[in-house]
>>> print(open('structure.cif').read())   # mmCIF, C-alpha atoms
data_start
loop_
_atom_site.group_PDB
_atom_site.id
_atom_site.type_symbol
_atom_site.label_atom_id
_atom_site.label_comp_id
_atom_site.auth_asym_id
_atom_site.auth_seq_id
_atom_site.Cartn_x
_atom_site.Cartn_y
_atom_site.Cartn_z
ATOM 1 C CA MET M 1 53.443 226.192 118.854
ATOM 2 C CA LYS M 2 54.760 229.700 118.365
ATOM 3 C CA LYS M 3 57.975 228.410 116.814
ATOM 4 C CA LEU M 4 55.966 227.043 113.897
ATOM 5 C CA SER M 5 53.217 229.610 113.614
ATOM 6 C CA VAL M 6 55.577 232.518 112.993
ATOM 7 C CA LEU M 7 56.747 230.757 109.860
ATOM 8 C CA ALA M 8 53.218 230.575 108.513
ATOM 9 C CA ILE M 9 53.215 226.812 108.674
ATOM 10 C CA ALA M 10 49.778 225.556 107.781
ATOM 11 C CA PHE M 11 47.097 225.303 110.430
ATOM 12 C CA VAL M 12 49.061 226.426 113.513
ATOM 13 C CA ALA M 13 48.838 230.118 112.860
ATOM 14 C CA ILE M 14 45.091 229.893 112.731
ATOM 15 C CA ALA M 15 44.701 227.670 115.743
ATOM 16 C CA PHE M 16 41.968 229.809 117.141
ATOM 17 C CA ALA M 17 40.334 226.990 118.991
ATOM 18 C CA ALA M 18 41.880 227.920 122.301
ATOM 19 C CA CYS M 19 39.093 230.402 122.651
ATOM 20 C CA GLY M 20 37.470 230.726 125.998
ATOM 21 C CA GLY M 21 36.885 233.416 128.516
ATOM 22 C CA LYS M 22 33.799 234.672 130.230
ATOM 23 C CA LYS M 23 30.986 235.672 127.906
ATOM 24 C CA THR M 24 29.440 239.072 128.106
ATOM 25 C CA GLN M 25 25.696 239.527 128.374
ATOM 26 C CA ALA M 26 25.605 240.717 124.758
ATOM 27 C CA SER M 27 27.302 237.572 123.475
ATOM 28 C CA GLU M 28 25.039 235.374 125.581
ATOM 29 C CA GLU M 29 21.990 237.074 124.095
ATOM 30 C CA ALA M 30 23.411 236.625 120.595
ATOM 31 C CA ASP M 31 23.898 232.924 121.281
ATOM 32 C CA THR M 32 20.232 232.516 122.068
ATOM 33 C CA LEU M 33 19.474 233.467 118.470
ATOM 34 C CA LYS M 34 21.512 230.537 117.210
ATOM 35 C CA SER M 35 20.177 227.033 117.046
ATOM 36 C CA PHE M 36 21.702 224.387 119.258
ATOM 37 C CA GLU M 37 23.085 222.659 116.172
ATOM 38 C CA GLN M 38 24.815 225.809 114.941
ATOM 39 C CA GLN M 39 26.480 226.299 118.289
ATOM 40 C CA GLN M 40 27.634 222.685 118.236
ATOM 41 C CA ILE M 41 29.075 223.092 114.738
ATOM 42 C CA GLU M 42 31.022 226.203 115.724
ATOM 43 C CA ALA M 43 32.290 224.452 118.842
ATOM 44 C CA SER M 44 33.474 221.504 116.751
ATOM 45 C CA ILE M 45 35.405 223.782 114.381
ATOM 46 C CA LYS M 46 37.208 225.368 117.299
ATOM 47 C CA MET M 47 37.910 221.981 118.869
ATOM 48 C CA HIS M 48 39.460 220.571 115.696
ATOM 49 C CA PHE M 49 41.663 223.618 115.180
ATOM 50 C CA ASP M 50 42.779 223.283 118.784
ATOM 51 C CA SER M 51 43.648 219.634 118.193
ATOM 52 C CA ILE M 52 45.698 220.516 115.131
ATOM 53 C CA ALA M 53 47.575 223.169 117.084
ATOM 54 C CA ALA M 54 48.328 220.727 119.890
ATOM 55 C CA GLU M 55 49.613 218.164 117.401
ATOM 56 C CA MET M 56 51.853 220.678 115.642
ATOM 57 C CA ALA M 57 53.218 221.936 118.946
ATOM 58 C CA LYS M 58 54.748 218.515 119.582
ATOM 59 C CA LEU M 59 56.946 218.721 116.490
ATOM 60 C CA PRO M 60 60.622 219.730 116.635
ATOM 61 C CA GLN M 61 61.839 223.076 115.338
ATOM 62 C CA LEU M 62 62.347 223.365 111.613
ATOM 63 C CA PRO M 63 65.966 222.989 110.475
ATOM 64 C CA PHE M 64 66.076 226.404 108.764
ATOM 65 C CA VAL M 65 65.001 228.250 111.900
ATOM 66 C CA GLN M 66 67.249 229.481 114.669
ATOM 67 C CA GLN M 67 66.962 231.541 117.805
ATOM 68 C CA GLY M 68 67.909 235.202 117.386
ATOM 69 C CA GLU M 69 68.143 238.059 119.844
ATOM 70 C CA GLY M 70 64.609 239.184 119.110
ATOM 71 C CA GLY M 71 63.109 235.724 118.729
ATOM 72 C CA LEU M 72 63.068 233.108 116.011
ATOM 73 C CA VAL M 73 64.736 233.961 112.698
ATOM 74 C CA LEU M 74 65.524 232.173 109.465
ATOM 75 C CA THR M 75 69.026 230.926 108.761
ATOM 76 C CA LYS M 76 71.246 233.011 106.506
ATOM 77 C CA GLU M 77 71.022 230.347 103.811
ATOM 78 C CA GLU M 78 67.230 230.296 103.908
ATOM 79 C CA LYS M 79 66.995 234.063 103.525
ATOM 80 C CA GLN M 80 69.087 234.068 100.360
ATOM 81 C CA VAL M 81 66.176 232.952 98.170
ATOM 82 C CA LYS M 82 63.239 235.312 98.572
ATOM 83 C CA PRO M 83 59.698 233.926 98.146
ATOM 84 C CA GLU M 84 58.007 234.983 94.920
ATOM 85 C CA TYR M 85 54.567 233.653 95.773
ATOM 86 C CA LEU M 86 53.452 236.363 98.201
ATOM 87 C CA LEU M 87 50.393 238.463 97.444
ATOM 88 C CA ASN M 88 50.884 241.940 96.075
ATOM 89 C CA PRO M 89 49.615 244.385 98.740
ATOM 90 C CA ASN M 90 47.607 246.084 95.970
ATOM 91 C CA VAL M 91 45.137 243.196 96.210
ATOM 92 C CA ALA M 92 43.596 245.157 99.091
ATOM 93 C CA GLU M 93 42.167 247.603 96.564
ATOM 94 C CA GLU M 94 40.107 244.849 94.922
ATOM 95 C CA ALA M 95 38.081 244.069 98.043
ATOM 96 C CA THR M 96 34.517 245.344 97.870
ATOM 97 C CA THR M 97 32.423 243.471 100.423
ATOM 98 C CA LEU M 98 33.147 243.410 104.131
ATOM 99 C CA ALA M 99 33.790 239.664 104.047
ATOM 100 C CA GLU M 100 36.352 240.113 101.261
ATOM 101 C CA LYS M 101 38.128 242.812 103.242
ATOM 102 C CA TYR M 102 38.408 240.562 106.274
ATOM 103 C CA ARG M 103 39.774 237.720 104.151
ATOM 104 C CA ILE M 104 42.326 239.850 102.327
ATOM 105 C CA LEU M 105 43.404 241.456 105.590
ATOM 106 C CA SER M 106 44.029 237.993 107.014
ATOM 107 C CA ALA M 107 45.981 236.792 103.975
ATOM 108 C CA LEU M 108 48.125 239.929 103.876
ATOM 109 C CA SER M 109 48.827 239.460 107.568
ATOM 110 C CA VAL M 110 50.270 236.024 106.807
ATOM 111 C CA ASP M 111 52.327 237.276 103.865
ATOM 112 C CA LYS M 112 53.683 240.273 105.745
ATOM 113 C CA LYS M 113 55.012 237.919 108.418
ATOM 114 C CA ILE M 114 56.690 235.763 105.773
ATOM 115 C CA ALA M 115 58.165 238.838 104.049
ATOM 116 C CA ALA M 116 59.547 240.124 107.336
ATOM 117 C CA LEU M 117 61.187 236.783 108.113
ATOM 118 C CA TYR M 118 62.953 236.911 104.764
ATOM 119 C CA GLU M 119 63.949 240.543 105.435
ATOM 120 C CA MET M 120 61.892 241.845 102.534
ATOM 121 C CA PRO M 121 60.323 245.340 102.535
ATOM 122 C CA THR M 122 56.984 245.441 104.339
ATOM 123 C CA ASP M 123 56.012 249.124 104.027
ATOM 124 C CA GLU M 124 53.418 248.427 101.326
ATOM 125 C CA TYR M 125 51.921 245.658 103.417
ATOM 126 C CA ASP M 126 51.636 248.051 106.352
ATOM 127 C CA LYS M 127 49.816 250.601 104.198
ATOM 128 C CA ALA M 128 47.409 248.050 102.751
ATOM 129 C CA ILE M 129 46.686 246.499 106.134
ATOM 130 C CA SER M 130 46.103 249.896 107.743
ATOM 131 C CA LYS M 131 43.640 250.862 105.003
ATOM 132 C CA LEU M 132 41.708 247.619 105.352
ATOM 133 C CA VAL M 133 41.538 248.001 109.116
ATOM 134 C CA ALA M 134 40.149 251.515 108.679
ATOM 135 C CA ASP M 135 37.596 250.345 106.103
ATOM 136 C CA ILE M 136 36.468 247.408 108.227
ATOM 137 C CA ASN M 137 36.240 249.524 111.369
ATOM 138 C CA ASP M 138 36.011 246.556 113.711
ATOM 139 C CA PRO M 139 36.411 247.592 117.371
ATOM 140 C CA SER M 140 37.749 244.091 118.043
ATOM 141 C CA PHE M 141 41.091 245.061 116.502
ATOM 142 C CA LYS M 142 41.705 247.431 119.394
ATOM 143 C CA GLU M 143 42.176 244.394 121.603
ATOM 144 C CA ILE M 144 45.257 243.197 119.742
ATOM 145 C CA GLU M 145 48.594 244.943 119.473
ATOM 146 C CA ASP M 146 48.977 244.799 115.714
ATOM 147 C CA ALA M 147 46.364 244.000 113.064
ATOM 148 C CA ALA M 148 49.172 242.512 110.971
ATOM 149 C CA THR M 149 49.367 239.639 113.458
ATOM 150 C CA LEU M 150 45.717 238.620 113.314
ATOM 151 C CA TYR M 151 46.399 234.923 113.176
ATOM 152 C CA GLU M 152 48.890 235.058 116.075
ATOM 153 C CA THR M 153 46.462 236.673 118.494
ATOM 154 C CA SER M 154 43.584 234.360 117.793
ATOM 155 C CA THR M 155 42.253 233.841 121.298
ATOM 156 C CA THR M 156 42.128 237.538 122.104
ATOM 157 C CA LEU M 157 40.648 238.356 118.732
ATOM 158 C CA TYR M 158 38.024 235.629 118.948
ATOM 159 C CA ASP M 159 36.822 236.842 122.332
ATOM 160 C CA ALA M 160 36.705 240.449 121.137
ATOM 161 C CA MET M 161 34.821 239.625 117.936
ATOM 162 C CA GLU M 162 32.333 237.538 119.864
ATOM 163 C CA LYS M 163 31.788 240.418 122.286
ATOM 164 C CA ASN M 164 31.370 242.925 119.451
ATOM 165 C CA GLY M 165 28.997 240.831 117.363
ATOM 166 C CA ARG M 166 31.542 240.215 114.591
ATOM 167 C CA ILE M 167 32.147 236.516 115.236
ATOM 168 C CA ASN M 168 30.714 235.527 111.843
ATOM 169 C CA PHE M 169 33.670 237.304 110.220
ATOM 170 C CA PHE M 170 36.129 235.420 112.381
ATOM 171 C CA TRP M 171 35.553 232.348 110.240
ATOM 172 C CA GLN M 172 36.370 234.467 107.161
ATOM 173 C CA ILE M 173 39.707 235.374 108.741
ATOM 174 C CA GLY M 174 40.429 231.766 109.636
ATOM 175 C CA ALA M 175 39.600 230.396 106.199
ATOM 176 C CA ALA M 176 41.762 232.940 104.390
ATOM 177 C CA ALA M 177 44.714 232.311 106.695
ATOM 178 C CA LEU M 178 44.369 228.551 106.251
ATOM 179 C CA VAL M 179 44.353 228.756 102.461
ATOM 180 C CA GLU M 180 47.201 231.284 102.308
ATOM 181 C CA GLN M 181 49.356 229.116 104.526
ATOM 182 C CA LEU M 182 48.517 225.963 102.598
ATOM 183 C CA TYR M 183 49.559 227.853 99.489
ATOM 184 C CA ALA M 184 52.840 228.881 101.142
ATOM 185 C CA ILE M 185 53.653 225.449 102.504
ATOM 186 C CA ASN M 186 52.977 223.845 99.132
ATOM 187 C CA GLN M 187 55.748 225.876 97.527
ATOM 188 C CA ASN M 188 58.206 223.500 99.193
ATOM 189 C CA SER M 189 56.382 220.811 101.129
ATOM 190 C CA ASP M 190 59.515 218.661 101.517
ATOM 191 C CA LYS M 191 61.145 221.420 103.532
ATOM 192 C CA PHE M 192 58.140 222.406 105.615
ATOM 193 C CA LEU M 193 57.013 218.866 106.372
ATOM 194 C CA SER M 194 60.505 217.630 107.242
ATOM 195 C CA VAL M 195 59.653 217.620 110.959
ATOM 196 C CA PHE M 196 56.387 215.697 110.527
ATOM 197 C CA ASN M 197 55.976 212.066 111.446
ATOM 198 C CA ASP M 198 53.249 209.757 110.161
ATOM 199 C CA GLU M 199 51.099 210.217 113.248
ATOM 200 C CA ALA M 200 51.173 214.014 112.943
ATOM 201 C CA ALA M 201 50.391 213.873 109.220
ATOM 202 C CA ALA M 202 47.425 211.581 109.836
ATOM 203 C CA ASN M 203 46.052 213.579 112.758
ATOM 204 C CA VAL M 204 46.402 216.962 111.056
ATOM 205 C CA SER M 205 44.976 215.924 107.696
ATOM 206 C CA PHE M 206 42.071 214.057 109.305
ATOM 207 C CA ARG M 207 41.079 217.178 111.228
ATOM 208 C CA ILE M 208 41.238 219.233 108.047
ATOM 209 C CA VAL M 209 38.477 217.052 106.633
ATOM 210 C CA LEU M 210 36.453 217.438 109.831
ATOM 211 C CA ILE M 211 36.843 221.223 109.690
ATOM 212 C CA LEU M 212 35.792 221.384 106.040
ATOM 213 C CA ASP M 213 32.717 219.306 106.790
ATOM 214 C CA ALA M 214 31.813 221.512 109.759
ATOM 215 C CA VAL M 215 32.243 224.704 107.718
ATOM 216 C CA LYS M 216 29.954 223.224 105.063
ATOM 217 C CA ARG M 217 27.286 222.544 107.671
ATOM 218 C CA LEU M 218 27.779 226.009 109.171
ATOM 219 C CA SER M 219 27.046 227.564 105.775
ATOM 220 C CA GLN M 220 23.445 226.458 106.174
ATOM 221 C CA TYR M 221 23.082 229.033 108.936
ATOM 222 C CA ASP M 222 25.333 231.819 107.648
ATOM 223 C CA PRO M 223 24.971 232.644 103.921
ATOM 224 C CA GLU M 224 28.225 234.629 103.934
ATOM 225 C CA ILE M 225 30.107 231.447 104.823
ATOM 226 C CA LYS M 226 28.785 229.669 101.715
ATOM 227 C CA PRO M 227 31.503 231.027 99.346
ATOM 228 C CA VAL M 228 34.104 230.037 101.925
ATOM 229 C CA SER M 229 32.663 226.542 102.202
ATOM 230 C CA ASP M 230 32.569 226.150 98.422
ATOM 231 C CA ALA M 231 36.185 227.320 98.118
ATOM 232 C CA LEU M 232 37.438 224.957 100.814
ATOM 233 C CA ALA M 233 35.409 221.905 99.766
ATOM 234 C CA PRO M 234 37.899 220.587 97.126
ATOM 235 C CA LEU M 235 40.610 220.479 99.797
ATOM 236 C CA ASP M 236 39.011 217.433 101.393
ATOM 237 C CA VAL M 237 41.487 215.371 99.376
ATOM 238 C CA LEU M 238 44.057 216.185 102.090
ATOM 239 C CA ASN M 239 43.357 213.124 104.190
ATOM 240 C CA ALA M 240 46.612 211.200 104.577
ATOM 241 C CA VAL M 241 47.893 208.527 106.953
ATOM 242 C CA THR M 242 51.618 209.000 106.312
ATOM 243 C CA VAL M 243 53.965 211.926 105.688
ATOM 244 C CA SER M 244 54.722 210.649 102.207
ATOM 245 C CA GLU M 245 51.036 210.475 101.379
ATOM 246 C CA PHE M 246 50.471 213.954 102.805
ATOM 247 C CA LYS M 247 53.231 215.372 100.579
ATOM 248 C CA ASN M 248 51.776 213.658 97.525
ATOM 249 C CA GLN M 249 48.285 214.903 98.304
ATOM 250 C CA LEU M 250 49.530 218.478 98.722
ATOM 251 C CA SER M 251 51.278 218.232 95.380
ATOM 252 C CA GLU M 252 48.199 216.808 93.649
ATOM 253 C CA ALA M 253 46.000 219.468 95.276
ATOM 254 C CA LYS M 254 48.190 222.351 94.113
ATOM 255 C CA GLY M 255 45.662 223.552 91.561
ATOM 256 C CA LYS M 256 42.789 223.247 94.034
ATOM 257 C CA ILE M 257 44.663 225.260 96.647
ATOM 258 C CA GLU M 258 45.445 227.958 94.083
ATOM 259 C CA ALA M 259 41.795 228.037 93.026
ATOM 260 C CA ALA M 260 40.661 228.376 96.635
ATOM 261 C CA ARG M 261 43.125 231.216 97.104
ATOM 262 C CA LYS M 262 41.787 233.052 94.050
ATOM 263 C CA THR M 263 38.210 232.586 95.228
ATOM 264 C CA LEU M 264 38.764 233.822 98.754
ATOM 265 C CA ILE M 265 41.300 236.532 97.969
ATOM 266 C CA LYS M 266 40.236 238.288 94.813
#
>>> encode(input="structure.cif", output="structure tokens")
Amino acid sequence: MKKLSVLAIAFVAIAFAACGGKKTQASEEADTLKSFEQQQIEASIKMHFDSIAAEMAKLPQLPFVQQGEGGLVLTKEEKQVKPEYLLNPNVAEEATTLAEKYRILSALSVDKKIAALYEMPTDEYDKAISKLVADINDPSFKEIEDAATLYETSTTLYDAMEKNGRINFFWQIGAAALVEQLYAINQNSDKFLSVFNDEAAANVSFRIVLILDAVKRLSQYDPEIKPVSDALAPLDVLNAVTVSEFKNQLSEAKGKIEAARKTLIK
């Protein structure tokens, strides 16, 4: 799974469903305040993300990726054309609410990873991410090595945010990462989906629809999730049964993905 997630391929990097661990007394008490249905909805979201991650992990390595001394790197040919779709780190200054700061932090985390893979400067990303982390002041971040790898340390982060009473913002992080990665993958879906087969395309896209439906139902219990649900709702058109259909749907949903990005990361 790691071989795909580091490239910001959609869904894998936010596969935060492998979230377990022993609950603390505080988190158990917090759970008692939730309805049984809400807990079931949250559990279903995690389960579907986990299923997507498992499906993606079966796929072969992308052709423009190779093993380097320090881990996976892009081929020399791939690095020649730098991505022009990455967020400007200055977007961090536009965040006003806490939810917005979490979402922008997550999106910048994705884009910093992409920039680093293409050997682009990342100093401005580091500054923006550090400022957001300071503004958010979430003790959960102390449990991970680097806040710029939020979506790669999902299990640890989930457990920490649950323990610290910040779990409602975890869904903000996940939604922003999903949309940012969908945006990235749609810049060249032929290349990124080259390792997909029809079964993987069907399984992944079907679970996207299930996740969107679950997030919509979750918004009934958490008002701050409502803007996220509304932004993601148009993406339910990504429900393919073949790779070809998945590519076509991504292409047709380009405007909807861009709109979701603008809504979540503004």
>>> resolve_selection(input="structure.cif", expression="the PyMOL selection byres ((chain M and resi 190-206) around 9)", output="ChimeraX atom specification")
/M:9,11,51-53,55-56,58-64,185-186,188-189,207-211,236,238-247
>>> residues_around(input="structure.cif", residues="Tyr118 in chain M", least_positions_apart="6", cutoff="8 Å", atoms="all atoms listed in the file", output="compact mmCIF listing (two decimals) with C-alpha atoms, keeping the file's coordinate frame")
# COMPACT_ATOMS: atom_id res chain seq x y z
CA LEU M 74 65.52 232.17 109.46
CA GLU M 78 67.23 230.30 103.91
CA LYS M 79 67.00 234.06 103.52
CA LYS M 82 63.24 235.31 98.57
CA PRO M 83 59.70 233.93 98.15
>>> residues_around(input="structure.cif", residues="Phe170 in chain M", least_positions_apart="5", cutoff="10 Å", atoms="all atoms listed in the file", output="VMD selection string")
chain M and resid 16 99 102 to 103 106 154 157 to 158 161 to 162 175
>>> resolve_selection(input="structure.cif", expression="the PyMOL selection byres ((chain M and resi 264) around 9)", output="compact mmCIF listing (two decimals) with C-alpha atoms, in the frame of the given file")
# COMPACT_ATOMS: atom_id res chain seq x y z
CA GLU M 100 36.35 240.11 101.26
CA ARG M 103 39.77 237.72 104.15
CA ILE M 104 42.33 239.85 102.33
CA GLN M 172 36.37 234.47 107.16
CA ALA M 175 39.60 230.40 106.20
CA ALA M 176 41.76 232.94 104.39
CA VAL M 179 44.35 228.76 102.46
CA PRO M 227 31.50 231.03 99.35
CA VAL M 228 34.10 230.04 101.92
CA ALA M 231 36.18 227.32 98.12
CA ALA M 259 41.80 228.04 93.03
CA ALA M 260 40.66 228.38 96.64
CA ARG M 261 43.12 231.22 97.10
CA LYS M 262 41.79 233.05 94.05
CA THR M 263 38.21 232.59 95.23
CA ILE M 265 41.30 236.53 97.97
CA LYS M 266 40.24 238.29 94.81
>>> atom_distance(input="structure.cif", atom1="CA of Tyr221 in chain M", atom2="CA of Gly165 in chain M")
15.7 Å
>>> resolve_selection(input="structure.cif", expression="the PyMOL selection byres ((chain M and resi 138) around 10)", output="PyMOL selection string")
chain M and resi 102+133-137+139-142+160-161+164-166
>>> closest_residue(input="structure.cif", among="M:Asp126, M:Pro234, M:Ser44, M:Leu132", to="Glu94 in chain M", atoms="all atoms listed in the file")
M:Leu132
>>> residues_around(input="structure.cif", residues="Val65 in chain M", least_positions_apart="5", cutoff="8 Å", atoms="only C-alpha atoms", output="list in words")
Leu72, Val73, Leu74 and Thr75 of chain M
>>> atom_distance(input="structure.cif", atom1="CA of Leu86 in chain M", atom2="CA of Glu252 in chain M")
20.8 Å
>>> atom_distance(input="structure.cif", atom1="CA of Ala214 in chain M", atom2="CA of Ala57 in chain M")
23.3 Å
>>> closest_residue(input="structure.cif", among="M:Gln220, M:Ser251, M:Asn168, M:Thr96", to="Ser35 in chain M", atoms="all atoms listed in the file")
M:Gln220
>>> closest_residue(input="structure.cif", among="M:Leu108, M:Leu218, M:Ala95, M:Ala115", to="Lys127 in chain M", atoms="only C-alpha atoms")
M:Leu108
>>> closest_residue(input="structure.cif", among="M:Gln80, M:Thr97, M:Asn90, M:Thr122", to="Glu224 in chain M", atoms="all atoms listed in the file")
M:Thr97
